[in-house]
>>> print(open('protein_0.pdb').read())   # PDB, C-alpha atoms, pLDDT in the B column
ATOM      1  CA  GLU N 215      21.503  50.694  -2.535  1.00 83.00           C
ATOM      2  CA  ASP N 216      24.870  50.129  -0.899  1.00 88.00           C
ATOM      3  CA  GLN N 217      24.700  49.310   2.810  1.00 92.00           C
ATOM      4  CA  VAL N 218      27.279  48.851   5.550  1.00 96.00           C
ATOM      5  CA  THR N 219      26.457  47.483   9.007  1.00 96.00           C
ATOM      6  CA  GLN N 220      28.992  47.341  11.801  1.00 97.00           C
ATOM      7  CA  SER N 221      28.758  45.258  14.954  1.00 97.00           C
ATOM      8  CA  PRO N 222      28.879  45.493  17.840  1.00 97.00           C
ATOM      9  CA  GLU N 223      27.978  49.153  18.339  1.00 96.00           C
ATOM     10  CA  ALA N 224      30.271  49.249  21.373  1.00 97.00           C
ATOM     11  CA  LEU N 225      32.873  46.870  22.723  1.00 98.00           C
ATOM     12  CA  ARG N 226      34.663  46.970  26.052  1.00 98.00           C
ATOM     13  CA  LEU N 227      37.834  44.932  26.477  1.00 97.00           C
ATOM     14  CA  GLN N 228      40.436  44.457  29.129  1.00 98.00           C
ATOM     15  CA  GLU N 229      43.992  45.213  28.124  1.00 97.00           C
ATOM     16  CA  GLY N 230      45.380  42.115  26.406  1.00 97.00           C
ATOM     17  CA  GLU N 231      41.936  40.641  25.638  1.00 97.00           C
ATOM     18  CA  SER N 232      41.831  39.980  21.886  1.00 98.00           C
ATOM     19  CA  SER N 233      38.603  40.381  19.907  1.00 98.00           C
ATOM     20  CA  SER N 234      37.132  41.203  16.493  1.00 98.00           C
ATOM     21  CA  LEU N 235      34.929  43.894  15.008  1.00 98.00           C
ATOM     22  CA  ASN N 236      32.568  43.036  12.173  1.00 98.00           C
ATOM     23  CA  CYS N 237      31.603  44.964   9.040  1.00 98.00           C
ATOM     24  CA  SER N 238      28.872  43.444   6.867  1.00 98.00           C
ATOM     25  CA  TYR N 239      28.241  45.025   3.500  1.00 97.00           C
ATOM     26  CA  THR N 240      25.874  44.894   0.561  1.00 94.00           C
ATOM     27  CA  VAL N 241      27.201  46.472  -2.595  1.00 90.00           C
ATOM     28  CA  SER N 242      26.729  46.027  -6.318  1.00 86.00           C
ATOM     29  CA  GLY N 243      30.309  45.047  -6.987  1.00 88.00           C
ATOM     30  CA  LEU N 244      33.014  45.915  -4.466  1.00 91.00           C
ATOM     31  CA  ARG N 245      35.771  48.230  -5.578  1.00 89.00           C
ATOM     32  CA  GLY N 246      37.317  48.555  -2.134  1.00 91.00           C
ATOM     33  CA  LEU N 247      36.612  48.266   1.592  1.00 94.00           C
ATOM     34  CA  PHE N 248      38.211  50.769   3.942  1.00 95.00           C
ATOM     35  CA  TRP N 249      38.859  50.804   7.676  1.00 97.00           C
ATOM     36  CA  TYR N 250      39.349  54.049   9.573  1.00 97.00           C
ATOM     37  CA  ARG N 251      40.064  54.908  13.186  1.00 97.00           C
ATOM     38  CA  GLN N 252      38.460  57.999  14.720  1.00 97.00           C
ATOM     39  CA  ASP N 253      39.495  59.510  18.031  1.00 96.00           C
ATOM     40  CA  PRO N 254      37.078  61.806  19.915  1.00 93.00           C
ATOM     41  CA  GLY N 255      36.967  65.281  18.409  1.00 92.00           C
ATOM     42  CA  LYS N 256      39.117  64.347  15.424  1.00 95.00           C
ATOM     43  CA  GLY N 257      38.695  63.309  11.826  1.00 96.00           C
ATOM     44  CA  PRO N 258      38.864  59.678  10.655  1.00 96.00           C
ATOM     45  CA  GLU N 259      42.381  58.319  10.216  1.00 95.00           C
ATOM     46  CA  PHE N 260      42.998  55.769   7.458  1.00 92.00           C
ATOM     47  CA  LEU N 261      43.989  52.252   8.507  1.00 96.00           C
ATOM     48  CA  PHE N 262      43.507  49.746   5.650  1.00 93.00           C
ATOM     49  CA  THR N 263      42.093  49.183   2.193  1.00 92.00           C
ATOM     50  CA  LEU N 264      41.019  45.694   1.088  1.00 95.00           C
ATOM     51  CA  TYR N 265      40.108  44.960  -2.516  1.00 93.00           C
ATOM     52  CA  SER N 266      39.265  41.276  -2.888  1.00 94.00           C
ATOM     53  CA  ALA N 267      37.979  38.343  -0.846  1.00 95.00           C
ATOM     54  CA  GLY N 268      40.750  36.546   0.985  1.00 96.00           C
ATOM     55  CA  GLU N 269      42.913  39.622   1.291  1.00 97.00           C
ATOM     56  CA  GLU N 270      44.453  40.420   4.682  1.00 97.00           C
ATOM     57  CA  LYS N 271      46.397  43.427   5.945  1.00 97.00           C
ATOM     58  CA  GLU N 272      48.145  44.038   9.248  1.00 97.00           C
ATOM     59  CA  LYS N 273      49.348  47.039  11.183  1.00 94.00           C
ATOM     60  CA  GLU N 274      50.740  46.619  14.678  1.00 95.00           C
ATOM     61  CA  ARG N 275      47.982  44.945  16.744  1.00 97.00           C
ATOM     62  CA  LEU N 276      45.357  45.258  13.993  1.00 98.00           C
ATOM     63  CA  LYS N 277      44.575  42.809  11.222  1.00 98.00           C
ATOM     64  CA  ALA N 278      41.852  43.311   8.633  1.00 98.00           C
ATOM     65  CA  THR N 279      40.351  40.484   6.596  1.00 98.00           C
ATOM     66  CA  LEU N 280      37.779  40.408   3.798  1.00 97.00           C
ATOM     67  CA  THR N 281      35.206  37.935   2.531  1.00 95.00           C
ATOM     68  CA  LYS N 282      32.537  38.413  -0.139  1.00 93.00           C
ATOM     69  CA  LYS N 283      30.020  39.673   2.415  1.00 95.00           C
ATOM     70  CA  GLU N 284      31.948  40.990   5.404  1.00 97.00           C
ATOM     71  CA  SER N 285      35.197  42.242   6.820  1.00 98.00           C
ATOM     72  CA  PHE N 286      36.710  41.705  10.236  1.00 98.00           C
ATOM     73  CA  LEU N 287      39.079  43.911  12.150  1.00 98.00           C
ATOM     74  CA  HIS N 288      40.965  41.684  14.567  1.00 98.00           C
ATOM     75  CA  ILE N 289      42.622  43.332  17.545  1.00 98.00           C
ATOM     76  CA  THR N 290      45.316  41.273  19.226  1.00 98.00           C
ATOM     77  CA  ALA N 291      46.340  42.040  22.802  1.00 97.00           C
ATOM     78  CA  PRO N 292      44.830  45.537  22.721  1.00 97.00           C
ATOM     79  CA  LYS N 293      46.184  48.430  24.758  1.00 97.00           C
ATOM     80  CA  PRO N 294      44.260  51.414  26.180  1.00 97.00           C
ATOM     81  CA  GLU N 295      45.604  53.589  23.354  1.00 97.00           C
ATOM     82  CA  ASP N 296      43.638  51.426  20.896  1.00 97.00           C
ATOM     83  CA  SER N 297      40.439  52.903  22.330  1.00 98.00           C
ATOM     84  CA  ALA N 298      38.644  54.739  19.520  1.00 98.00           C
ATOM     85  CA  THR N 299      35.733  54.454  17.119  1.00 97.00           C
ATOM     86  CA  TYR N 300      36.485  52.182  14.176  1.00 98.00           C
ATOM     87  CA  LEU N 301      34.707  52.964  10.923  1.00 97.00           C
ATOM     88  CA  CYS N 302      34.191  50.711   7.920  1.00 97.00           C
ATOM     89  CA  ALA N 303      33.337  52.027   4.457  1.00 95.00           C
ATOM     90  CA  VAL N 304      32.813  50.530   1.001  1.00 93.00           C
ATOM     91  CA  GLN N 305      33.294  51.871  -2.465  1.00 89.00           C
ATOM     92  CA  ALA N 306      31.167  50.258  -5.156  1.00 86.00           C
ATOM     93  CA  SER N 307      32.495  49.630  -8.615  1.00 83.00           C
ATOM     94  CA  GLY N 308      30.964  51.940 -11.170  1.00 76.00           C
ATOM     95  CA  THR N 309      30.442  54.800  -8.714  1.00 71.00           C
ATOM     96  CA  SER N 310      32.060  58.151  -9.142  1.00 66.00           C
ATOM     97  CA  TYR N 311      35.672  58.249  -8.085  1.00 67.00           C
ATOM     98  CA  GLY N 312      36.096  58.023  -4.345  1.00 73.00           C
ATOM     99  CA  LYS N 313      32.464  57.925  -3.212  1.00 81.00           C
ATOM    100  CA  LEU N 314      32.258  55.934   0.019  1.00 87.00           C
ATOM    101  CA  THR N 315      29.371  54.487   2.027  1.00 91.00           C
ATOM    102  CA  PHE N 316      30.162  54.338   5.744  1.00 94.00           C
ATOM    103  CA  GLY N 317      28.898  52.151   8.558  1.00 96.00           C
ATOM    104  CA  GLN N 318      27.900  53.625  11.898  1.00 95.00           C
ATOM    105  CA  GLY N 319      31.123  52.588  13.596  1.00 96.00           C
ATOM    106  CA  THR N 320      32.136  50.468  16.588  1.00 97.00           C
ATOM    107  CA  ILE N 321      33.194  52.270  19.751  1.00 97.00           C
ATOM    108  CA  LEU N 322      36.081  50.327  21.285  1.00 98.00           C
ATOM    109  CA  THR N 323      37.133  50.914  24.883  1.00 98.00           C
ATOM    110  CA  VAL N 324      40.167  49.114  26.273  1.00 98.00           C
ATOM    111  CA  HIS N 325      40.536  49.184  30.046  1.00 97.00           C
ATOM    112  CA  PRO N 326      43.978  48.888  31.689  1.00 95.00           C
TER     113      PRO N 326
ATOM    114  CA  ASN K 181      52.421  69.274   4.794  1.00 67.00           C
ATOM    115  CA  ALA K 182      49.350  70.273   6.754  1.00 77.00           C
ATOM    116  CA  GLY K 183      47.182  67.732   4.914  1.00 92.00           C
ATOM    117  CA  VAL K 184      43.512  68.729   5.008  1.00 96.00           C
ATOM    118  CA  THR K 185      42.623  71.819   7.007  1.00 97.00           C
ATOM    119  CA  GLN K 186      39.177  73.128   7.938  1.00 98.00           C
ATOM    120  CA  THR K 187      37.954  76.432   9.321  1.00 97.00           C
ATOM    121  CA  PRO K 188      36.322  77.275  11.612  1.00 97.00           C
ATOM    122  CA  LYS K 189      36.696  74.522  14.200  1.00 97.00           C
ATOM    123  CA  PHE K 190      33.469  75.432  15.954  1.00 97.00           C
ATOM    124  CA  GLN K 191      30.548  77.700  15.087  1.00 97.00           C
ATOM    125  CA  VAL K 192      27.212  78.610  16.633  1.00 97.00           C
ATOM    126  CA  LEU K 193      24.509  79.986  14.331  1.00 97.00           C
ATOM    127  CA  LYS K 194      20.954  81.124  14.767  1.00 97.00           C
ATOM    128  CA  THR K 195      18.254  79.670  12.530  1.00 98.00           C
ATOM    129  CA  GLY K 196      18.236  81.483   9.208  1.00 97.00           C
ATOM    130  CA  GLN K 197      21.827  82.709   9.346  1.00 97.00           C
ATOM    131  CA  SER K 198      24.273  81.796   6.631  1.00 97.00           C
ATOM    132  CA  MET K 199      27.878  80.697   6.772  1.00 97.00           C
ATOM    133  CA  THR K 200      30.621  79.097   4.715  1.00 98.00           C
ATOM    134  CA  LEU K 201      32.799  76.249   5.894  1.00 98.00           C
ATOM    135  CA  GLN K 202      36.269  76.325   4.390  1.00 98.00           C
ATOM    136  CA  CYS K 203      38.438  73.365   3.417  1.00 98.00           C
ATOM    137  CA  ALA K 204      41.903  73.293   1.901  1.00 97.00           C
ATOM    138  CA  GLN K 205      44.369  70.516   1.070  1.00 96.00           C
ATOM    139  CA  ASP K 206      48.028  70.773   0.198  1.00 94.00           C
ATOM    140  CA  MET K 207      48.503  67.261  -1.202  1.00 91.00           C
ATOM    141  CA  ASN K 208      47.702  68.128  -4.819  1.00 91.00           C
ATOM    142  CA  HIS K 209      44.640  65.850  -4.747  1.00 91.00           C
ATOM    143  CA  ASN K 210      42.096  66.077  -7.535  1.00 89.00           C
ATOM    144  CA  SER K 211      38.965  65.017  -5.655  1.00 91.00           C
ATOM    145  CA  MET K 212      37.447  66.537  -2.541  1.00 93.00           C
ATOM    146  CA  TYR K 213      34.402  65.691  -0.403  1.00 95.00           C
ATOM    147  CA  TRP K 214      32.114  67.098   2.260  1.00 97.00           C
ATOM    148  CA  TYR K 215      30.526  64.779   4.836  1.00 97.00           C
ATOM    149  CA  ARG K 216      28.367  65.300   7.878  1.00 97.00           C
ATOM    150  CA  GLN K 217      28.539  63.028  10.909  1.00 97.00           C
ATOM    151  CA  ASP K 218      25.593  62.600  13.242  1.00 94.00           C
ATOM    152  CA  PRO K 219      25.207  60.198  16.187  1.00 87.00           C
ATOM    153  CA  GLY K 220      23.880  56.846  15.006  1.00 81.00           C
ATOM    154  CA  MET K 221      23.968  57.915  11.335  1.00 83.00           C
ATOM    155  CA  GLY K 222      27.594  57.489  10.417  1.00 86.00           C
ATOM    156  CA  LEU K 223      29.308  59.703   7.866  1.00 94.00           C
ATOM    157  CA  ARG K 224      27.045  60.827   5.039  1.00 94.00           C
ATOM    158  CA  LEU K 225      28.252  62.430   1.832  1.00 93.00           C
ATOM    159  CA  ILE K 226      26.859  65.910   1.171  1.00 96.00           C
ATOM    160  CA  TYR K 227      28.691  66.976  -2.004  1.00 96.00           C
ATOM    161  CA  TYR K 228      31.853  66.056  -3.800  1.00 93.00           C
ATOM    162  CA  SER K 229      34.135  67.440  -6.466  1.00 93.00           C
ATOM    163  CA  ALA K 230      35.811  64.843  -8.641  1.00 88.00           C
ATOM    164  CA  SER K 231      38.088  67.459 -10.180  1.00 87.00           C
ATOM    165  CA  GLU K 232      38.596  71.205 -10.301  1.00 89.00           C
ATOM    166  CA  GLY K 233      35.584  72.834 -11.926  1.00 89.00           C
ATOM    167  CA  THR K 234      33.123  70.023 -11.228  1.00 92.00           C
ATOM    168  CA  THR K 235      30.784  69.336  -8.313  1.00 95.00           C
ATOM    169  CA  ASP K 236      28.139  66.664  -7.721  1.00 93.00           C
ATOM    170  CA  LYS K 237      25.461  65.923  -5.151  1.00 94.00           C
ATOM    171  CA  GLY K 238      25.974  63.207  -2.607  1.00 92.00           C
ATOM    172  CA  GLU K 239      23.494  61.500  -0.320  1.00 91.00           C
ATOM    173  CA  VAL K 240      22.217  64.542   1.631  1.00 95.00           C
ATOM    174  CA  PRO K 241      22.699  67.743  -0.446  1.00 97.00           C
ATOM    175  CA  ASN K 242      19.516  69.642   0.489  1.00 97.00           C
ATOM    176  CA  GLY K 243      20.205  72.956   2.222  1.00 96.00           C
ATOM    177  CA  TYR K 244      23.827  73.123   1.093  1.00 98.00           C
ATOM    178  CA  ASN K 245      25.846  74.553  -1.763  1.00 97.00           C
ATOM    179  CA  VAL K 246      29.494  74.059  -2.633  1.00 98.00           C
ATOM    180  CA  SER K 247      32.229  75.810  -4.551  1.00 97.00           C
ATOM    181  CA  ARG K 248      35.445  74.285  -5.818  1.00 96.00           C
ATOM    182  CA  LEU K 249      37.432  77.484  -5.783  1.00 88.00           C
ATOM    183  CA  ASN K 250      40.609  75.939  -7.184  1.00 95.00           C
ATOM    184  CA  LYS K 251      42.408  72.614  -6.892  1.00 94.00           C
ATOM    185  CA  ARG K 252      43.242  73.223  -3.218  1.00 96.00           C
ATOM    186  CA  GLU K 253      39.996  74.634  -1.849  1.00 97.00           C
ATOM    187  CA  PHE K 254      36.452  73.306  -1.552  1.00 97.00           C
ATOM    188  CA  SER K 255      33.904  75.289   0.448  1.00 98.00           C
ATOM    189  CA  LEU K 256      30.483  74.345   1.818  1.00 98.00           C
ATOM    190  CA  ARG K 257      27.812  77.001   2.238  1.00 98.00           C
ATOM    191  CA  LEU K 258      24.677  77.001   4.333  1.00 97.00           C
ATOM    192  CA  GLU K 259      22.422  79.729   2.941  1.00 94.00           C
ATOM    193  CA  SER K 260      19.775  79.590   5.683  1.00 97.00           C
ATOM    194  CA  ALA K 261      20.823  77.399   8.579  1.00 97.00           C
ATOM    195  CA  ALA K 262      18.313  75.092  10.259  1.00 97.00           C
ATOM    196  CA  PRO K 263      18.576  73.190  13.559  1.00 97.00           C
ATOM    197  CA  SER K 264      18.642  69.944  11.529  1.00 97.00           C
ATOM    198  CA  GLN K 265      22.011  71.052  10.190  1.00 98.00           C
ATOM    199  CA  THR K 266      23.574  70.836  13.634  1.00 97.00           C
ATOM    200  CA  SER K 267      26.335  68.331  13.036  1.00 98.00           C
ATOM    201  CA  VAL K 268      30.041  67.756  12.670  1.00 98.00           C
ATOM    202  CA  TYR K 269      31.253  68.457   9.138  1.00 98.00           C
ATOM    203  CA  PHE K 270      34.290  66.785   7.654  1.00 98.00           C
ATOM    204  CA  CYS K 271      36.145  67.581   4.485  1.00 97.00           C
ATOM    205  CA  ALA K 272      38.217  64.906   2.770  1.00 95.00           C
ATOM    206  CA  SER K 273      40.462  64.585  -0.254  1.00 94.00           C
ATOM    207  CA  ILE K 274      41.602  61.574  -2.178  1.00 88.00           C
ATOM    208  CA  ALA K 275      45.049  60.287  -2.960  1.00 74.00           C
ATOM    209  CA  GLY K 276      46.624  58.005  -5.484  1.00 58.00           C
ATOM    210  CA  LEU K 277      45.896  54.541  -6.677  1.00 47.00           C
ATOM    211  CA  GLN K 278      44.683  53.242  -3.331  1.00 55.00           C
ATOM    212  CA  GLU K 279      41.964  55.883  -3.382  1.00 70.00           C
ATOM    213  CA  THR K 280      42.545  56.633   0.280  1.00 82.00           C
ATOM    214  CA  GLN K 281      40.474  59.512   1.577  1.00 87.00           C
ATOM    215  CA  TYR K 282      42.282  61.807   3.984  1.00 92.00           C
ATOM    216  CA  PHE K 283      40.058  63.715   6.369  1.00 95.00           C
ATOM    217  CA  GLY K 284      40.312  67.106   7.989  1.00 97.00           C
ATOM    218  CA  PRO K 285      39.797  67.700  11.728  1.00 96.00           C
ATOM    219  CA  GLY K 286      36.159  68.710  11.351  1.00 97.00           C
ATOM    220  CA  THR K 287      33.926  71.717  11.985  1.00 98.00           C
ATOM    221  CA  ARG K 288      31.418  71.442  14.804  1.00 97.00           C
ATOM    222  CA  LEU K 289      28.278  73.416  13.964  1.00 98.00           C
ATOM    223  CA  LEU K 290      25.442  74.195  16.343  1.00 97.00           C
ATOM    224  CA  VAL K 291      22.306  75.819  14.937  1.00 97.00           C
ATOM    225  CA  LEU K 292      19.981  77.261  17.547  1.00 97.00           C
TER     226      LEU K 292
END
>>> encode(input="protein_0.pdb", output="C-alpha cells")
Amino acid sequence: EDQVTQSPEALRLQEGESSSLNCSYTVSGLRGLFWYRQDPGKGPEFLFTLYSAGEEKEKERLKATLTKKESFLHITAPKPEDSATYLCAVQASGTSYGKLTFGQGTILTVHP
Amino acid sequence: NAGVTQTPKFQVLKTGQSMTLQCAQDMNHNSMYWYRQDPGMGLRLIYYSASEGTTDKGEVPNGYNVSRLNKREFSLRLESAAPSQTSVYFCASIAGLQETQYFGPGTRLLVL
C-alpha cells in the first residue's frame, strides 16, 4: 500500500528564517511526486512535480528536491504570504491514470 | 477559463437526506476526481473517472455514487447522508503530460 508521511505537522517561522518540510513516501515504483499549496478555505494549488531521484525544481522562494525515499520542500527567506498548508502526494507507476496518494500536510506559519 | 468549478460552496443536511455535488471543468481534461478532506486524514480519493463514460472506485467509495455526465461534468451523489460524511469535498481534473491535477474550490458539507 502506498504511504506518504509529512513532517513536521506544523512549523512556525520568523520572516526570513529558512527551513525545510519533509515528505517521506513508500510506493511500489514512483511515477511522480507532487507538491501543492493550500490556503484556508481553498482548494490545493499545484506547485511542483518531481519524477526521478536527484531532480530539483524551484519557484520563487521554494525549492523541491527528491530522493528515492523522500522529498524536501526548502523555503528560503520566507515571507508571511508563504503561510499555508503544504501537501505532498505520490503517484505510483502502474496505477490508473492520475490516482494520487496524499500526505496529511504541513501547516506553515510565517510571522512578520 | 474558470478552471474547475464546484457547487454548492456550502451545504447543511440532516441525516438521511440526499444531495448531489456538482463539478465542471472547462480545460478539456479527460480525467476527473472526487476527494474528501478531513482533519488529520489528508485528501482521500472517493471516485474517479479516467475518461468520459467510465468511473472507478477510489479509497473511500462507500455511501457515494458518481456520474460522468459528459466530458466537462462529474457529479457526486450522497443518497442517504450520514454524520460521518461531514467533510470538505474537492473535485479535480487532470492536464497534459505532467499529469497535474487542478482542484476546485471545494464544497463544505455538514451533516447533522
>>> axis_aligned_box(input="protein_0.pdb", around="segment 280-286 of chain N", padding_each_side="5 Å", output="AutoDock Vina command-line options")
--center_x 33.9 --center_y 40.1 --center_z 5.0 --size_x 17.8 --size_y 14.3 --size_z 20.4
>>> closest_atom_pairs(input="protein_0.pdb", of="chain K", to="chain N", cutoff="10 Å", atoms="only C-alpha atoms", output="Markdown table")
| residue | atom | partner | partner_atom | distance |
| --- | --- | --- | --- | --- |
| K:Val184 | CA | N:Gly257 | CA | 10.0 |
| K:Ser211 | CA | N:Gly312 | CA | 7.7 |
| K:Met212 | CA | N:Gly312 | CA | 8.8 |
| K:Tyr213 | CA | N:Lys313 | CA | 8.5 |
| K:Gln217 | CA | N:Gln318 | CA | 9.5 |
| K:Asp218 | CA | N:Gln318 | CA | 9.4 |
| K:Pro219 | CA | N:Gln318 | CA | 8.3 |
| K:Gly220 | CA | N:Gln318 | CA | 6.0 |
| K:Met221 | CA | N:Gln318 | CA | 5.8 |
| K:Gly222 | CA | N:Gln318 | CA | 4.1 |
| K:Leu223 | CA | N:Phe316 | CA | 5.8 |
| K:Arg224 | CA | N:Phe316 | CA | 7.2 |
| K:Leu225 | CA | N:Leu314 | CA | 7.8 |
| K:Tyr227 | CA | N:Lys313 | CA | 9.9 |
| K:Tyr228 | CA | N:Lys313 | CA | 8.2 |
| K:Ser229 | CA | N:Tyr311 | CA | 9.5 |
| K:Ala230 | CA | N:Tyr311 | CA | 6.6 |
| K:Ser231 | CA | N:Tyr311 | CA | 9.7 |
| K:Asp236 | CA | N:Ser310 | CA | 9.5 |
| K:Gly238 | CA | N:Lys313 | CA | 8.4 |
| K:Glu239 | CA | N:Thr315 | CA | 9.4 |
| K:Val268 | CA | N:Gly255 | CA | 9.3 |
| K:Tyr269 | CA | N:Gly257 | CA | 9.4 |
| K:Phe270 | CA | N:Gly257 | CA | 7.0 |
| K:Cys271 | CA | N:Gly257 | CA | 8.9 |
| K:Ala272 | CA | N:Gly257 | CA | 9.2 |
| K:Ser273 | CA | N:Gly312 | CA | 8.9 |
| K:Ile274 | CA | N:Gly312 | CA | 6.9 |
| K:Ala275 | CA | N:Gly312 | CA | 9.3 |
| K:Gln278 | CA | N:Thr263 | CA | 7.3 |
| K:Glu279 | CA | N:Gly312 | CA | 6.3 |
| K:Thr280 | CA | N:Phe260 | CA | 7.2 |
| K:Gln281 | CA | N:Phe260 | CA | 7.4 |
| K:Tyr282 | CA | N:Phe260 | CA | 7.0 |
| K:Phe283 | CA | N:Gly257 | CA | 5.6 |
| K:Gly284 | CA | N:Gly257 | CA | 5.6 |
| K:Pro285 | CA | N:Gly257 | CA | 4.5 |
| K:Gly286 | CA | N:Gly257 | CA | 6.0 |
| K:Thr287 | CA | N:Gly255 | CA | 9.6 |
| K:Arg288 | CA | N:Gly255 | CA | 9.0 |
>>> resolve_selection(input="protein_0.pdb", expression="the PyMOL selection byres ((chain N and resi 270) around 12)", output="ChimeraX atom specification")
/N:247,262-269,271-273,276-281,285-288
>>> residues_around(input="protein_0.pdb", residues="segment 249-253 of chain K", least_positions_apart="5", cutoff="9 Å", atoms="only C-alpha atoms", output="JSON, numbers by chain")
{"K": [202, 203, 204, 205, 206, 207, 208, 209, 210, 211, 212, 231, 232, 233]}
>>> atom_distance(input="protein_0.pdb", atom1="atom CA of Leu235 of chain N", atom2="atom CA of Pro292 of chain N")
12.7 Å
>>> residues_near_point(input="protein_0.pdb", point="(35.0, 48.3, -11.9)", cutoff="7 Å", atoms="all atoms listed in the file", output="list in words")
Arg245, Ser307 and Gly308 of chain N
>>> atom_distance(input="protein_0.pdb", atom1="atom CA of Ser238 of chain N", atom2="atom CA of Glu215 of chain N")
14.0 Å
>>> atom_distance(input="protein_0.pdb", atom1="atom CA of Arg248 of chain K", atom2="atom CA of Leu289 of chain K")
21.1 Å
